[in-house]
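Data from start.tsv: TSV, C-alpha atoms
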```tsv
chain	number	residue	atom	x	y	z
A	168	MET	CA	-8.78	16.08	-15.96
A	169	SER	CA	-11.83	14.52	-14.42
A	170	SER	CA	-13.10	15.50	-11.00
A	171	LYS	CA	-12.36	11.98	-9.70
A	172	LYS	CA	-8.65	12.31	-10.56
A	173	SER	CA	-8.57	15.76	-9.02
A	174	THR	CA	-10.11	14.34	-5.84
A	175	ASN	CA	-7.52	11.53	-5.72
A	176	VAL	CA	-4.71	14.06	-6.10
A	177	GLU	CA	-6.19	16.23	-3.34
A	178	GLU	CA	-6.61	13.18	-1.07
A	179	ALA	CA	-3.00	12.12	-1.68
A	180	ALA	CA	-1.76	15.64	-0.92
A	181	PHE	CA	-3.84	15.79	2.27
A	182	THR	CA	-2.52	12.36	3.30
A	183	ARG	CA	1.11	13.49	2.87
A	184	ARG	CA	0.46	16.58	5.00
A	185	PHE	CA	-1.46	14.55	7.61
A	186	ILE	CA	1.45	12.09	7.93
A	187	GLU	CA	3.86	15.00	8.37
A	188	VAL	CA	1.67	16.61	11.03
A	189	CYS	CA	1.28	13.35	12.97
A	190	GLY	CA	4.91	12.36	12.53
A	191	SER	CA	3.89	8.85	11.46
A	192	SER	CA	2.13	6.88	8.77
A	193	GLN	CA	1.21	4.12	11.24
A	194	PRO	CA	-2.51	4.11	12.16
A	195	ALA	CA	-1.80	2.83	15.69
A	196	GLU	CA	0.61	5.68	16.44
A	197	ILE	CA	-1.75	8.27	14.98
A	198	ALA	CA	-4.65	6.80	16.97
A	199	ARG	CA	-2.64	7.21	20.20
A	200	LEU	CA	-1.51	10.74	19.33
A	201	LEU	CA	-5.01	11.98	18.54
A	202	ASP	CA	-7.03	9.75	20.91
A	203	ILE	CA	-9.04	8.32	18.02
A	204	SER	CA	-9.86	4.81	16.86
A	205	TYR	CA	-7.47	2.82	14.71
A	206	GLN	CA	-10.06	2.77	11.90
A	207	ALA	CA	-10.48	6.56	12.02
A	208	ALA	CA	-6.71	6.95	11.72
A	209	LYS	CA	-6.73	4.60	8.69
A	210	ASN	CA	-9.54	6.64	7.12
A	211	TYR	CA	-7.56	9.87	7.52
A	212	LEU	CA	-4.52	8.17	5.98
A	213	LEU	CA	-6.72	7.33	3.00
A	214	GLY	CA	-7.59	11.01	2.54
A	215	ARG	CA	-10.74	11.50	4.60
A	216	ILE	CA	-10.81	14.94	6.26
A	217	PRO	CA	-10.98	14.80	10.09
A	218	ASP	CA	-14.01	16.23	11.84
A	219	ALA	CA	-13.83	19.42	13.90
A	220	GLY	CA	-13.06	17.60	17.17
A	221	VAL	CA	-10.05	15.82	15.69
A	222	LEU	CA	-8.85	19.05	14.05
A	223	LYS	CA	-9.07	20.73	17.45
A	224	THR	CA	-6.91	17.94	18.93
A	225	ILE	CA	-4.37	18.33	16.12
A	226	ALA	CA	-4.21	22.06	16.80
A	227	ALA	CA	-3.69	21.44	20.53
A	228	ARG	CA	-1.02	18.75	20.14
A	229	THR	CA	1.06	20.01	17.23
A	230	ASP	CA	2.52	23.28	16.01
A	231	PHE	CA	1.14	22.80	12.49
A	232	SER	CA	-1.36	25.19	10.93
A	233	LEU	CA	-4.77	23.63	10.34
A	234	HIS	CA	-5.17	25.83	7.27
A	235	TRP	CA	-1.95	24.39	5.84
A	236	LEU	CA	-2.99	20.84	6.80
A	237	LEU	CA	-6.34	21.17	5.04
A	238	THR	CA	-5.29	23.19	1.99
A	239	GLY	CA	-1.51	23.00	1.64
A	240	ILE	CA	-1.52	26.80	1.41
A	241	GLY	CA	0.15	29.34	3.68
A	242	GLU	CA	2.46	28.95	6.65
A	243	LYS	CA	3.09	25.37	7.73
A	244	PHE	CA	3.42	26.23	11.41
A	245	VAL	CA	1.36	28.44	13.68
A	246	SER	CA	3.04	31.55	15.03
A	247	ALA	CA	5.52	31.27	17.85
A	248	GLN	CA	2.97	32.81	20.23
A	249	ARG	CA	1.19	30.04	22.08
A	250	PRO	CA	-1.90	30.43	24.22
A	251	PRO	CA	-1.13	31.15	27.88
A	252	ASP	CA	-2.50	27.79	29.09
A	253	THR	CA	-0.21	25.77	26.78
A	254	PRO	CA	2.58	24.06	28.72
A	255	VAL	CA	6.08	25.11	27.73
A	256	LEU	CA	9.20	23.17	28.61
A	257	SER	CA	10.83	24.81	31.61
A	258	ASP	CA	14.57	25.38	31.81
A	259	GLU	CA	14.81	22.59	34.37
A	260	ILE	CA	13.12	20.08	32.06
A	261	LEU	CA	15.26	21.21	29.12
A	262	ALA	CA	18.41	20.73	31.22
A	263	LEU	CA	17.23	17.28	32.30
A	264	ILE	CA	16.53	16.29	28.69
A	265	LYS	CA	19.94	17.53	27.61
A	266	ARG	CA	21.68	15.63	30.44
A	267	GLU	CA	19.77	12.40	29.73
A	268	CYS	CA	20.43	12.64	26.00
A	269	ARG	CA	24.14	13.09	26.60
A	270	LYS	CA	24.20	10.13	28.97
A	271	ASN	CA	22.25	7.87	26.60
A	272	VAL	CA	24.32	8.76	23.56
A	273	ALA	CA	27.50	8.17	25.56
A	274	GLU	CA	26.20	4.74	26.59
A	275	ILE	CA	25.28	3.90	22.99
A	276	LEU	CA	28.69	4.95	21.76
A	277	ASP	CA	30.31	3.29	24.78
A	278	GLN	CA	32.02	6.50	25.78
A	279	SER	CA	32.20	8.47	28.98
A	280	PRO	CA	29.87	11.50	29.18
A	281	SER	CA	32.95	13.58	29.96
A	282	THR	CA	34.63	12.80	26.64
A	283	THR	CA	36.82	15.55	25.21
A	284	HIS	CA	34.85	15.57	21.96
A	285	GLU	CA	31.52	17.23	22.62
A	286	LYS	CA	28.48	15.71	20.91
A	287	VAL	CA	25.52	17.89	19.95
A	288	ILE	CA	21.97	16.49	20.07
A	289	THR	CA	18.96	18.47	18.89
A	290	VAL	CA	15.46	17.70	20.16
A	291	ASN	CA	12.53	19.65	18.73
A	292	SER	CA	9.78	20.38	21.24
A	293	LYS	CA	7.16	19.18	18.73
A	294	ASP	CA	8.77	15.72	18.86
A	295	ILE	CA	8.33	15.45	22.62
A	296	ARG	CA	5.01	13.80	23.38
A	297	ASP	CA	5.44	13.32	27.14
A	298	GLU	CA	7.30	15.26	29.81
A	299	ARG	CA	8.30	13.93	33.20
A	300	ILE	CA	10.94	14.76	35.76
A	301	ILE	CA	12.32	11.42	36.88
A	302	GLU	CA	14.58	12.67	39.65
A	303	LYS	CA	14.98	15.94	41.44
A	304	THR	CA	18.48	17.35	41.13
A	305	THR	CA	20.08	20.23	42.94
A	306	SER	CA	22.44	21.27	40.14
A	307	LEU	CA	21.75	21.60	36.46
A	308	GLU	CA	24.20	21.08	33.63
A	309	SER	CA	24.28	23.59	30.82
```
Show this structure as structure tokens.
Amino acid sequence: MSSKKSTNVEEAAFTRRFIEVCGSSQPAEIARLLDISYQAAKNYLLGRIPDAGVLKTIAARTDFSLHWLLTGIGEKFVSAQRPPDTPVLSDEILALIKRECRKNVAEILDQSPSTTHEKVITVNSKDIRDERIIEKTTSLES
């Protein structure tokens, strides 16, 4: 196998991992996630390795291991321990998300939120890109 083919295989493997880490194959979405230019996002999707600043942003905004991203070797995710200055969803925000998800799914299905058949919705924290409390409530649903 020539070194050119090996490089193409490595670039394709990096691109697959990069898309998984960013949660998208769309350059515009990746550009927004990483605060980079559209063209830089396209270059990374073509297999170019991000510079140290972009890698630092990836590490700060995702739970993926940079070692795994760059090599495909080892643990895919960093350990559960996060640095102390990393925001973690509070119980109040989690309850609000749960309540809003239930309400939205009920509206989509045209059902009352108090239906006798309970629906279960799972939201991974890595999929949440923005957190806001829209209204202050005095009671929280479980």
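Atom pair CA of Leu236 (chain A) / CA of Gly190 (chain A): separated by 12.9 Å.
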note = Counting only C-alpha atoms, the residue among A:Arg184, A:Arg215, A:Lys223, A:Arg266 that lies closest to Asp202 (chain A) is A:Lys223
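With CA of Ala208 (chain A) on one side and CA of Ala195 (chain A) on the other, the separation reads 7.5 Å.
When CA of Thr238 (chain A) is paired with CA of Phe181 (chain A), their separation reads 7.5 Å.
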inquiry  = Taking 4 positions as the minimum chain separation for residues in the same chain, which residues sit within 9 Å of Gln193 (chain A) when counting all atoms listed in the file? Answer as a list in words.
reply    = Ile186, Ile197, Ala198, Ala208, Lys209 and Leu212 of chain A
Export, as an mmCIF file, keeping the file's coordinate frame, the selected residues with C-alpha atoms.
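Contents of the output file out-v4.cif:
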```cif
data_model
loop_
_atom_site.group_PDB
_atom_site.id
_atom_site.type_symbol
_atom_site.label_atom_id
_atom_site.label_comp_id
_atom_site.auth_asym_id
_atom_site.auth_seq_id
_atom_site.Cartn_x
_atom_site.Cartn_y
_atom_site.Cartn_z
ATOM 1 C CA ILE A 186 1.450 12.090 7.930
ATOM 2 C CA ILE A 197 -1.750 8.270 14.980
ATOM 3 C CA ALA A 198 -4.650 6.800 16.970
ATOM 4 C CA ALA A 208 -6.710 6.950 11.720
ATOM 5 C CA LYS A 209 -6.730 4.600 8.690
ATOM 6 C CA LEU A 212 -4.520 8.170 5.980
#
```
request  = Identify the residues around (-9.9, 15.5, 1.4) within a radius of 12 Å, measuring from only C-alpha atoms in the coordinates stated by the file, and give them as a list of chain:residue names.
outcome  = A:Lys171, A:Ser173, A:Thr174, A:Asn175, A:Val176, A:Glu177, A:Glu178, A:Ala179, A:Ala180, A:Phe181, A:Thr182, A:Arg183, A:Arg184, A:Phe185, A:Asn210, A:Tyr211, A:Leu212, A:Leu213, A:Gly214, A:Arg215, A:Ile216, A:Pro217, A:Asp218, A:Leu236, A:Leu237, A:Thr238, A:Gly239
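Closest to His234 (chain A) among A:Ala273, A:Leu222, A:Cys268, A:Cys189 is A:Leu222, based on all atoms listed in the file.
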key: Shell around Ser232 (chain A) at 9 Å using all atoms listed in the file, local window under 3 positions removed, as JSON, numbers by chain   = {"A": [226, 229, 235, 236, 237, 241, 242, 243, 244, 245, 246]}
Is it possible to get the axis-aligned box enclosing region 199-218 of chain A (all listed atoms, 6 Å extra per side) as lines of an AutoDock Vina configuration file, with centre and edge lengths in Å rounded to one decimal?
```
center_x = -7.8
center_y = 9.5
center_z = 11.7
size_x = 24.5
size_y = 25.5
size_z = 30.4
```
